[in-house]
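Source file: start_37.cif; contents: mmCIF, C-alpha atoms.
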```cif
data_input
#
loop_
_atom_site.label_atom_id
_atom_site.label_comp_id
_atom_site.auth_asym_id
_atom_site.auth_seq_id
_atom_site.Cartn_x
_atom_site.Cartn_y
_atom_site.Cartn_z
CA MET A 1 0.00 0.00 0.00
CA ASP A 2 1.21 3.52 -0.78
CA ASN A 3 0.68 6.72 1.18
CA ALA A 4 -2.60 7.51 -0.59
CA ALA A 5 -3.94 4.07 0.32
CA PHE A 6 -2.86 4.46 3.96
CA ARG A 7 -4.41 7.93 4.09
CA SER A 8 -7.71 6.80 2.52
CA PHE A 9 -8.80 4.84 5.61
CA LEU A 10 -8.39 7.95 7.77
CA GLN A 11 -11.12 9.66 5.75
CA VAL A 12 -13.76 7.59 7.54
CA LEU A 13 -12.51 8.80 10.95
CA PRO A 14 -12.69 12.23 12.66
CA PRO A 15 -9.63 14.48 12.06
CA VAL A 16 -6.39 13.43 13.78
CA GLU A 17 -3.16 15.20 14.79
CA PHE A 18 -0.90 12.24 14.08
CA ALA A 19 -1.20 8.89 12.37
CA CYS A 20 1.31 6.21 11.46
CA VAL A 21 1.10 2.70 10.07
CA TYR A 22 3.23 -0.02 11.67
CA GLY A 23 3.67 -3.78 11.66
CA SER A 24 3.62 -6.47 9.03
CA SER A 25 1.84 -4.35 6.40
CA LEU A 26 5.16 -2.49 5.98
CA HIS A 27 7.07 -5.67 5.12
CA PRO A 28 8.06 -5.38 1.44
CA SER A 29 7.49 -9.12 0.94
CA ASN A 30 4.11 -9.21 2.68
CA SER A 31 1.40 -10.25 0.23
CA ASP A 32 -1.09 -11.67 2.75
CA LYS A 33 -4.42 -10.05 1.95
CA THR A 34 -5.85 -11.08 5.35
CA THR A 35 -3.24 -9.08 7.29
CA MET A 36 -4.64 -6.19 9.31
CA THR A 37 -3.21 -2.76 8.60
CA ASP A 38 -2.24 -1.31 11.99
CA TYR A 39 -2.40 2.40 12.89
CA ILE A 40 -1.42 4.50 15.88
CA ILE A 41 -3.56 7.65 15.91
CA GLY A 42 -2.79 10.70 18.05
CA VAL A 43 -5.55 13.16 18.99
CA ALA A 44 -5.73 16.20 21.27
CA ASP A 45 -8.71 15.01 23.33
CA PRO A 46 -9.54 11.27 23.14
CA LYS A 47 -12.92 11.63 24.87
CA GLN A 48 -14.08 14.24 22.37
CA TRP A 49 -12.61 12.27 19.47
CA HIS A 50 -14.32 9.02 20.49
CA SER A 51 -17.59 10.93 20.93
CA GLU A 52 -17.37 12.07 17.31
CA ASN A 53 -16.22 8.65 16.09
CA LEU A 54 -19.12 6.89 17.84
CA LYS A 55 -21.50 8.98 15.73
CA LEU A 56 -19.64 8.01 12.56
CA ASN A 57 -18.42 4.47 13.30
CA LYS A 58 -20.25 2.98 16.29
CA HIS A 59 -19.70 -0.50 14.82
CA HIS A 60 -15.92 -0.14 15.30
CA TYR A 61 -16.38 -0.47 19.09
CA ALA A 62 -17.35 -3.31 21.42
CA SER A 63 -21.11 -3.07 21.91
CA TRP A 64 -20.92 -3.26 25.71
CA MET A 65 -18.69 -0.17 25.84
CA VAL A 66 -21.03 1.75 23.53
CA HIS A 67 -24.12 0.93 25.60
CA LEU A 68 -22.69 1.18 29.11
CA GLY A 69 -20.64 4.35 28.94
CA GLY A 70 -19.69 5.46 25.46
CA GLU A 71 -16.70 7.77 25.14
CA ARG A 72 -16.38 8.19 28.93
CA LEU A 73 -15.98 4.43 29.48
CA ILE A 74 -13.74 4.00 26.44
CA THR A 75 -11.24 6.62 27.62
CA GLY A 76 -11.59 5.51 31.26
CA VAL A 77 -10.59 1.92 30.48
CA ALA A 78 -7.69 3.10 28.29
CA ASP A 79 -6.34 5.55 30.89
CA GLU A 80 -7.06 3.79 34.20
CA ILE A 81 -6.50 0.15 33.21
CA GLY A 82 -4.35 0.40 30.08
CA VAL A 83 -1.55 2.77 29.14
CA GLY A 84 -3.72 5.42 27.50
CA VAL A 85 -4.32 3.68 24.16
CA HIS A 86 -7.71 2.35 22.99
CA PHE A 87 -7.56 -0.16 20.12
CA ASN A 88 -10.32 -0.98 17.67
CA PRO A 89 -9.29 -4.16 15.78
CA PHE A 90 -10.94 -6.12 12.96
CA VAL A 91 -12.42 -3.01 11.37
CA SER A 92 -13.54 -3.95 7.87
CA TRP A 93 -13.42 -1.24 5.25
CA ASN A 94 -13.14 -1.36 1.48
CA GLY A 95 -12.46 -5.10 1.49
CA LYS A 96 -9.56 -4.88 3.97
CA LEU A 97 -9.06 -5.26 7.73
CA PHE A 98 -7.74 -2.47 9.93
CA LYS A 99 -6.78 -1.95 13.56
CA TYR A 100 -6.26 1.50 15.05
CA GLY A 101 -5.10 2.63 18.48
CA VAL A 102 -6.10 6.07 19.69
CA VAL A 103 -3.87 7.96 22.14
CA ARG A 104 -3.72 11.46 23.62
CA MET A 105 -0.96 13.45 21.91
CA HIS A 106 0.45 14.55 25.26
CA ASP A 107 0.81 10.91 26.36
CA LEU A 108 2.45 9.94 23.07
CA LEU A 109 5.03 12.73 23.33
CA GLN A 110 5.72 11.98 27.01
CA ASP A 111 6.50 8.36 26.20
CA VAL A 112 8.71 9.33 23.26
CA HIS A 113 10.70 11.77 25.42
CA TYR A 114 10.82 10.02 28.77
CA TRP A 115 10.04 6.30 28.20
CA GLU A 116 7.58 6.54 31.09
CA LYS A 117 5.55 3.53 29.99
CA PHE A 118 7.89 2.26 27.28
CA TYR A 119 4.96 1.36 25.06
CA LEU A 120 4.49 3.77 22.17
CA CYS A 121 8.13 4.87 22.25
CA GLY A 122 9.04 1.22 21.60
CA ARG A 123 6.73 1.13 18.61
CA LEU A 124 8.36 4.29 17.20
CA GLN A 125 11.83 2.77 17.60
CA LYS A 126 10.84 0.36 14.83
CA PRO A 127 9.92 1.28 11.24
CA VAL A 128 6.63 3.10 10.80
CA HIS A 129 5.05 4.94 7.88
CA ILE A 130 3.88 8.37 9.01
CA VAL A 131 0.67 9.43 7.31
CA VAL A 132 -0.31 12.55 9.30
CA ASP A 133 2.10 14.60 11.43
CA ASN A 134 0.71 17.99 12.36
CA LEU A 135 2.99 18.37 15.41
CA ASP A 136 6.21 17.10 13.79
CA VAL A 137 6.44 13.94 15.89
CA ASN A 138 8.90 12.60 13.32
CA SER A 139 11.49 15.20 14.36
CA THR A 140 10.72 14.77 18.06
CA ASN A 141 11.24 11.04 17.70
CA SER A 142 14.95 11.57 16.95
CA VAL A 143 15.49 11.82 20.73
CA ASN A 144 13.83 8.43 21.11
CA LEU A 145 15.93 6.84 18.35
CA ARG A 146 19.16 8.21 19.81
CA ALA A 147 18.25 6.82 23.23
CA ALA A 148 17.37 3.44 21.67
CA VAL A 149 20.75 3.21 19.91
CA SER A 150 22.54 4.17 23.12
CA ALA A 151 20.64 1.55 25.13
CA ALA A 152 21.36 -1.12 22.52
CA LEU A 153 25.08 -0.28 22.48
CA LEU A 154 25.26 -0.62 26.28
CA LEU A 155 23.75 -4.10 25.97
CA LEU A 156 25.94 -5.29 23.07
CA PRO A 157 29.53 -6.65 23.15
CA SER A 158 32.56 -4.85 21.73
CA GLU A 159 31.98 -6.19 18.18
CA PHE A 160 28.74 -6.98 16.35
CA SER A 161 26.95 -6.61 13.03
CA GLU A 162 24.51 -3.96 11.88
CA ALA A 163 21.72 -6.59 12.01
CA ASP A 164 22.69 -7.37 15.63
CA LEU A 165 22.26 -3.71 16.52
CA TYR A 166 18.80 -3.46 14.93
CA ALA A 167 17.75 -6.71 16.61
CA LYS A 168 18.84 -5.34 19.98
CA VAL A 169 16.98 -2.06 19.38
CA CYS A 170 13.91 -4.02 18.32
CA SER A 171 14.10 -6.29 21.38
CA LEU A 172 14.11 -3.41 23.90
CA SER A 173 10.31 -3.10 23.80
CA TYR A 174 9.80 -6.87 24.16
CA MET A 175 11.87 -7.30 27.34
CA GLY A 176 9.39 -8.51 29.93
CA ASP A 177 6.42 -8.32 27.53
CA VAL A 178 3.83 -10.75 28.94
CA ARG A 179 2.65 -11.60 25.41
CA MET A 180 6.03 -13.14 24.62
CA LEU A 181 5.27 -15.89 27.15
CA PHE A 182 2.42 -17.40 25.15
CA ALA A 183 1.01 -15.16 22.41
CA GLU A 184 3.92 -13.98 20.28
CA ASP A 185 6.18 -15.63 17.73
CA LYS A 186 9.49 -16.45 19.48
CA ASN A 187 11.28 -15.41 16.25
CA LYS A 188 9.41 -12.11 16.08
CA VAL A 189 12.44 -9.83 16.48
CA LYS A 190 14.48 -11.71 13.88
CA LYS A 191 11.57 -11.61 11.40
CA ILE A 192 10.96 -7.90 11.95
CA VAL A 193 14.61 -7.01 11.33
CA SER A 194 15.08 -9.29 8.32
CA GLY A 195 11.77 -8.20 6.78
CA GLN A 196 12.42 -4.48 7.27
CA PHE A 197 16.22 -4.25 7.24
CA ASP A 198 16.33 -1.42 4.68
CA LEU A 199 13.83 0.58 6.74
CA PHE A 200 15.90 0.10 9.92
CA GLN A 201 18.97 1.18 8.00
CA SER A 202 17.34 4.39 6.77
CA MET A 203 16.27 5.18 10.36
CA TYR A 204 19.52 4.44 12.16
CA LYS A 205 22.43 4.81 9.73
CA PRO A 206 22.65 8.62 10.22
CA LEU A 207 22.91 8.05 13.98
CA LEU A 208 25.63 5.43 13.52
CA GLU A 209 27.62 7.89 11.44
CA GLU A 210 27.09 10.57 14.09
CA TYR A 211 28.31 8.20 16.81
CA GLU A 212 31.33 7.30 14.70
CA ALA A 213 32.19 11.00 14.33
CA LYS A 214 32.01 11.29 18.15
CA LYS A 215 34.35 8.26 18.40
CA LEU A 216 31.77 6.23 20.31
CA LEU A 217 32.07 3.40 17.76
CA ARG A 218 33.83 2.37 14.56
CA LEU A 219 32.17 1.29 11.33
CA SER A 220 33.56 -0.94 8.59
CA SER A 221 31.78 -2.30 5.53
CA ILE A 222 31.21 -5.99 4.98
CA ALA A 223 29.30 -8.03 2.41
CA ASN A 224 25.64 -7.47 1.47
CA ASN A 225 25.77 -3.73 2.11
CA GLN A 226 25.97 -4.35 5.87
CA ILE A 227 28.23 -2.68 8.40
CA HIS A 228 30.48 -4.26 11.02
CA ILE A 229 30.50 -2.24 14.25
CA SER A 230 33.04 -2.15 17.07
CA GLN A 231 32.94 -0.07 20.24
CA ASP A 232 35.29 0.77 23.11
CA CYS A 233 33.77 -0.20 26.44
CA ASP A 234 35.52 2.47 28.45
CA LEU A 235 33.93 4.82 30.97
CA SER A 236 33.89 7.91 28.77
CA VAL A 237 31.89 5.99 26.13
CA ASP A 238 29.59 4.53 28.78
CA TYR A 239 29.01 8.00 30.20
CA SER A 240 28.09 9.38 26.76
CA LEU A 241 25.69 6.48 26.09
CA VAL A 242 23.97 6.74 29.46
CA SER A 243 23.69 10.52 29.03
CA ALA A 244 21.56 9.95 25.92
CA LEU A 245 18.98 7.93 27.88
CA PRO A 246 15.81 9.54 29.30
CA PRO A 247 16.38 11.31 32.66
CA SER A 248 14.54 8.85 34.93
CA ILE A 249 16.48 5.89 33.52
CA ARG A 250 19.75 7.82 33.52
CA ASN A 251 19.31 8.68 37.20
CA GLN A 252 18.61 5.07 38.18
CA ILE A 253 21.75 3.85 36.43
CA ARG A 254 24.05 6.39 38.14
CA MET A 255 26.34 4.70 40.61
CA LYS A 256 25.79 5.33 44.30
CA GLU A 257 29.25 4.67 45.68
CA GLY A 258 31.55 7.70 45.85
CA VAL A 259 34.61 6.09 44.25
CA LYS A 260 32.66 4.61 41.37
CA GLU A 261 30.80 7.88 40.86
CA LYS A 262 34.12 9.72 40.69
CA LEU A 263 35.44 7.24 38.14
CA TRP A 264 32.24 7.56 36.14
CA GLU A 265 32.46 11.35 36.02
CA THR A 266 36.15 11.47 35.14
CA GLY A 267 36.07 8.53 32.75
CA LYS A 268 39.22 7.09 34.29
CA ALA A 269 39.52 3.53 35.57
CA ILE A 270 41.56 0.40 35.26
CA SER A 271 40.46 -2.28 32.82
CA ASP A 272 38.57 -4.58 35.21
CA THR A 273 36.68 -1.60 36.66
CA ARG A 274 35.70 -0.48 33.14
CA SER A 275 34.19 -3.84 32.26
CA ARG A 276 32.47 -4.11 35.63
CA VAL A 277 30.91 -0.65 35.30
CA ARG A 278 29.62 -1.46 31.78
CA GLU A 279 28.16 -4.76 33.00
CA GLU A 280 26.46 -3.09 35.98
CA ALA A 281 25.01 -0.34 33.78
CA ALA A 282 23.72 -2.90 31.26
CA ASN A 283 22.16 -5.08 33.97
CA CYS A 284 20.52 -2.07 35.59
CA LEU A 285 19.15 -0.89 32.24
CA GLN A 286 17.71 -4.33 31.49
CA ARG A 287 15.97 -4.47 34.88
CA ILE A 288 14.44 -1.01 34.41
CA LEU A 289 13.17 -1.70 30.89
CA ARG A 290 11.92 -5.19 31.76
CA ARG A 291 9.90 -3.81 34.67
CA ARG A 292 8.37 -1.00 32.62
CA VAL A 293 7.53 -3.22 29.66
CA MET A 294 6.07 -5.95 31.90
CA VAL A 295 3.75 -3.53 33.69
CA SER A 296 2.68 -1.71 30.51
CA SER A 297 2.15 -4.88 28.46
CA ALA A 298 0.08 -6.49 31.25
CA ARG A 299 -2.05 -3.37 31.70
CA GLN A 300 -2.57 -2.97 27.96
CA ALA A 301 -3.42 -6.67 27.54
CA VAL A 302 -6.24 -6.40 30.11
CA SER A 303 -7.42 -3.07 28.68
CA GLY A 304 -7.34 -4.48 25.16
CA LEU A 305 -9.38 -7.56 26.05
CA LEU A 306 -12.03 -5.36 27.68
CA ALA A 307 -12.05 -2.88 24.81
CA VAL A 308 -12.58 -5.32 21.95
CA GLY A 309 -15.31 -7.45 23.54
CA ALA A 310 -15.45 -11.20 24.09
CA VAL A 311 -15.85 -12.32 20.46
CA ASN A 312 -13.07 -10.16 19.01
CA ALA A 313 -10.84 -10.84 22.02
CA SER A 314 -11.13 -14.59 21.46
CA ARG A 315 -10.55 -14.14 17.74
CA TYR A 316 -7.47 -11.94 18.24
CA LEU A 317 -5.97 -14.09 20.98
CA ALA A 318 -6.51 -17.30 19.00
CA LYS A 319 -4.72 -15.79 16.02
CA LYS A 320 -1.77 -14.67 18.18
CA VAL A 321 -1.47 -17.95 20.09
CA THR A 322 -1.64 -20.02 16.88
CA LYS A 323 1.19 -17.99 15.38
CA ALA A 324 3.20 -18.29 18.61
CA TRP A 325 2.76 -22.08 18.85
CA LYS A 326 3.84 -22.53 15.24
CA SER A 327 7.09 -20.70 16.01
CA TRP A 328 7.77 -22.97 19.00
CA ARG A 329 7.23 -26.23 17.11
#
```

Here is the file; what I need is its structure written in the form of structure tokens.
Amino acid sequence: MDNAAFRSFLQVLPPVEFACVYGSSLHPSNSDKTTMTDYIIGVADPKQWHSENLKLNKHHYASWMVHLGGERLITGVADEIGVGVHFNPFVSWNGKLFKYGVVRMHDLLQDVHYWEKFYLCGRLQKPVHIVVDNLDVNSTNSVNLRAAVSAALLLLPSEFSEADLYAKVCSLSYMGDVRMLFAEDKNKVKKIVSGQFDLFQSMYKPLLEEYEAKKLLRLSSIANNQIHISQDCDLSVDYSLVSALPPSIRNQIRMKEGVKEKLWETGKAISDTRSRVREEAANCLQRILRRRVMVSSARQAVSGLLAVGAVNASRYLAKKVTKAWKSWR
């Protein structure tokens, strides 16, 4: 599908501030006509937007939500139980299936900047096709991409491939995800990267070149238009990488002990201290992200099941579990 095709579905919805398409519909090799096209939609006021959408597209919503509370219940479940996103899946239009998640623009931008819930920021660390962008989220997202690269580098060894880097970036938002236990393909990260490698490259190659110019890593070309990457795991590099992370995560990673803090700030330490500091920072980062993703994915799973109704919930879960089981066989 091209941009005009992606934009055409939005014509049946009330006006939006931001919209992007994500997921398998962006895979160049995807020819499955039954695949849902997935959207994230940002609006100024979700309650007002859902009120307008209920007048236009009441059939997009679970009937119990429409009858018991309408837009007040829809936004209440999304905000109080979930992470601020209401999804309408299995929407049939023009012979195709669509799923769209509606989020408050303020919440979207907060997650992009600060990784508070590590939900939508994780989605925007992977390839998306932006259809509407009235508030220039695409530019704002550069902070999120830089933080994702920095996090991935902290978690990777001294030498690795370009594909390894993208896989690590992609895996950040699946650490601790409850769906990975039973309802997601165990090879999901590998399939995403291999299916969208060129898109990852267009997103992250400028950052890799920037990091090379700052002497945070070294790039060398290998076969198949890929890059081999090496990095120095010394304290000055670690300090630069941690500094690119969102403030709340950065503060949790900072070392408490006076001597270590002094070494961190000066970037001077003997070899075994350097490796130990990198390992501690990486372990701390993993724990933080795992906790945030686990909480957000659990909350959103419950919110999602309530939002779509029993029939669609069973249909969606069965589809996910079947795909997951096939990957484990």

Legend entry - Shell of 12 Å around stretch 295-311 of chain A, only C-alpha atoms, local chain residues under 5 positions omitted, as a PyMOL selection string: chain A and resi 59-66+69-71+73-91+99-102+111+115-122+173-181+183+288-290+316-318

Could you save the residues just selected, with C-alpha atoms, as a PDB file, in the frame of the given file?
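Output file again_10.pdb is given in full below:
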```pdb
ATOM      1  CA  HIS A  59     -19.700  -0.500  14.820  1.00  0.00           C
ATOM      2  CA  HIS A  60     -15.920  -0.140  15.300  1.00  0.00           C
ATOM      3  CA  TYR A  61     -16.380  -0.470  19.090  1.00  0.00           C
ATOM      4  CA  ALA A  62     -17.350  -3.310  21.420  1.00  0.00           C
ATOM      5  CA  SER A  63     -21.110  -3.070  21.910  1.00  0.00           C
ATOM      6  CA  TRP A  64     -20.920  -3.260  25.710  1.00  0.00           C
ATOM      7  CA  MET A  65     -18.690  -0.170  25.840  1.00  0.00           C
ATOM      8  CA  VAL A  66     -21.030   1.750  23.530  1.00  0.00           C
ATOM      9  CA  GLY A  69     -20.640   4.350  28.940  1.00  0.00           C
ATOM     10  CA  GLY A  70     -19.690   5.460  25.460  1.00  0.00           C
ATOM     11  CA  GLU A  71     -16.700   7.770  25.140  1.00  0.00           C
ATOM     12  CA  LEU A  73     -15.980   4.430  29.480  1.00  0.00           C
ATOM     13  CA  ILE A  74     -13.740   4.000  26.440  1.00  0.00           C
ATOM     14  CA  THR A  75     -11.240   6.620  27.620  1.00  0.00           C
ATOM     15  CA  GLY A  76     -11.590   5.510  31.260  1.00  0.00           C
ATOM     16  CA  VAL A  77     -10.590   1.920  30.480  1.00  0.00           C
ATOM     17  CA  ALA A  78      -7.690   3.100  28.290  1.00  0.00           C
ATOM     18  CA  ASP A  79      -6.340   5.550  30.890  1.00  0.00           C
ATOM     19  CA  GLU A  80      -7.060   3.790  34.200  1.00  0.00           C
ATOM     20  CA  ILE A  81      -6.500   0.150  33.210  1.00  0.00           C
ATOM     21  CA  GLY A  82      -4.350   0.400  30.080  1.00  0.00           C
ATOM     22  CA  VAL A  83      -1.550   2.770  29.140  1.00  0.00           C
ATOM     23  CA  GLY A  84      -3.720   5.420  27.500  1.00  0.00           C
ATOM     24  CA  VAL A  85      -4.320   3.680  24.160  1.00  0.00           C
ATOM     25  CA  HIS A  86      -7.710   2.350  22.990  1.00  0.00           C
ATOM     26  CA  PHE A  87      -7.560  -0.160  20.120  1.00  0.00           C
ATOM     27  CA  ASN A  88     -10.320  -0.980  17.670  1.00  0.00           C
ATOM     28  CA  PRO A  89      -9.290  -4.160  15.780  1.00  0.00           C
ATOM     29  CA  PHE A  90     -10.940  -6.120  12.960  1.00  0.00           C
ATOM     30  CA  VAL A  91     -12.420  -3.010  11.370  1.00  0.00           C
ATOM     31  CA  LYS A  99      -6.780  -1.950  13.560  1.00  0.00           C
ATOM     32  CA  TYR A 100      -6.260   1.500  15.050  1.00  0.00           C
ATOM     33  CA  GLY A 101      -5.100   2.630  18.480  1.00  0.00           C
ATOM     34  CA  VAL A 102      -6.100   6.070  19.690  1.00  0.00           C
ATOM     35  CA  ASP A 111       6.500   8.360  26.200  1.00  0.00           C
ATOM     36  CA  TRP A 115      10.040   6.300  28.200  1.00  0.00           C
ATOM     37  CA  GLU A 116       7.580   6.540  31.090  1.00  0.00           C
ATOM     38  CA  LYS A 117       5.550   3.530  29.990  1.00  0.00           C
ATOM     39  CA  PHE A 118       7.890   2.260  27.280  1.00  0.00           C
ATOM     40  CA  TYR A 119       4.960   1.360  25.060  1.00  0.00           C
ATOM     41  CA  LEU A 120       4.490   3.770  22.170  1.00  0.00           C
ATOM     42  CA  CYS A 121       8.130   4.870  22.250  1.00  0.00           C
ATOM     43  CA  GLY A 122       9.040   1.220  21.600  1.00  0.00           C
ATOM     44  CA  SER A 173      10.310  -3.100  23.800  1.00  0.00           C
ATOM     45  CA  TYR A 174       9.800  -6.870  24.160  1.00  0.00           C
ATOM     46  CA  MET A 175      11.870  -7.300  27.340  1.00  0.00           C
ATOM     47  CA  GLY A 176       9.390  -8.510  29.930  1.00  0.00           C
ATOM     48  CA  ASP A 177       6.420  -8.320  27.530  1.00  0.00           C
ATOM     49  CA  VAL A 178       3.830 -10.750  28.940  1.00  0.00           C
ATOM     50  CA  ARG A 179       2.650 -11.600  25.410  1.00  0.00           C
ATOM     51  CA  MET A 180       6.030 -13.140  24.620  1.00  0.00           C
ATOM     52  CA  LEU A 181       5.270 -15.890  27.150  1.00  0.00           C
ATOM     53  CA  ALA A 183       1.010 -15.160  22.410  1.00  0.00           C
ATOM     54  CA  ILE A 288      14.440  -1.010  34.410  1.00  0.00           C
ATOM     55  CA  LEU A 289      13.170  -1.700  30.890  1.00  0.00           C
ATOM     56  CA  ARG A 290      11.920  -5.190  31.760  1.00  0.00           C
ATOM     57  CA  TYR A 316      -7.470 -11.940  18.240  1.00  0.00           C
ATOM     58  CA  LEU A 317      -5.970 -14.090  20.980  1.00  0.00           C
ATOM     59  CA  ALA A 318      -6.510 -17.300  19.000  1.00  0.00           C
TER      60      ALA A 318
END
```

Inset, instruction - Name every residue that the PyMOL selection byres ((chain A and resi 127-133) around 9) selects in this structure, writing the answer as a PyMOL selection string with chains first and numbers rising. - result: chain A and resi 3-4+6-7+16-23+26+41+123-126+134-138+196+199-200+203

Just to be explicit: take each residue in the selection above, keep C-alpha atoms, and write the result as a PDB file, in the coordinates of the input.
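This went into result33.pdb:
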```pdb
ATOM      1  CA  ASN A   3       0.680   6.720   1.180  1.00  0.00           C
ATOM      2  CA  ALA A   4      -2.600   7.510  -0.590  1.00  0.00           C
ATOM      3  CA  PHE A   6      -2.860   4.460   3.960  1.00  0.00           C
ATOM      4  CA  ARG A   7      -4.410   7.930   4.090  1.00  0.00           C
ATOM      5  CA  VAL A  16      -6.390  13.430  13.780  1.00  0.00           C
ATOM      6  CA  GLU A  17      -3.160  15.200  14.790  1.00  0.00           C
ATOM      7  CA  PHE A  18      -0.900  12.240  14.080  1.00  0.00           C
ATOM      8  CA  ALA A  19      -1.200   8.890  12.370  1.00  0.00           C
ATOM      9  CA  CYS A  20       1.310   6.210  11.460  1.00  0.00           C
ATOM     10  CA  VAL A  21       1.100   2.700  10.070  1.00  0.00           C
ATOM     11  CA  TYR A  22       3.230  -0.020  11.670  1.00  0.00           C
ATOM     12  CA  GLY A  23       3.670  -3.780  11.660  1.00  0.00           C
ATOM     13  CA  LEU A  26       5.160  -2.490   5.980  1.00  0.00           C
ATOM     14  CA  ILE A  41      -3.560   7.650  15.910  1.00  0.00           C
ATOM     15  CA  ARG A 123       6.730   1.130  18.610  1.00  0.00           C
ATOM     16  CA  LEU A 124       8.360   4.290  17.200  1.00  0.00           C
ATOM     17  CA  GLN A 125      11.830   2.770  17.600  1.00  0.00           C
ATOM     18  CA  LYS A 126      10.840   0.360  14.830  1.00  0.00           C
ATOM     19  CA  ASN A 134       0.710  17.990  12.360  1.00  0.00           C
ATOM     20  CA  LEU A 135       2.990  18.370  15.410  1.00  0.00           C
ATOM     21  CA  ASP A 136       6.210  17.100  13.790  1.00  0.00           C
ATOM     22  CA  VAL A 137       6.440  13.940  15.890  1.00  0.00           C
ATOM     23  CA  ASN A 138       8.900  12.600  13.320  1.00  0.00           C
ATOM     24  CA  GLN A 196      12.420  -4.480   7.270  1.00  0.00           C
ATOM     25  CA  LEU A 199      13.830   0.580   6.740  1.00  0.00           C
ATOM     26  CA  PHE A 200      15.900   0.100   9.920  1.00  0.00           C
ATOM     27  CA  MET A 203      16.270   5.180  10.360  1.00  0.00           C
TER      28      MET A 203
END
```

Inset, instruction - Enter the distance from atom CA of A:Gly42 to atom CA of A:Arg104, in Å, rounded to one decimal. - result: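 Calculated distance between atom CA of A:Gly42 and atom CA of A:Arg104 is 5.7 Å.
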
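Counting all atoms listed in the file, the residue from A:Ser236, A:Leu156, A:Ser150, A:Ile249 that sits nearest to A:Tyr211 is A:Ser150.
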
Inset, instruction - Please measure the separation of atom CA of A:His106 and atom CA of A:Gln201, giving the value in Å to one decimal. - result: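 Atom CA of A:Gln201 lies 28.6 Å from atom CA of A:His106.
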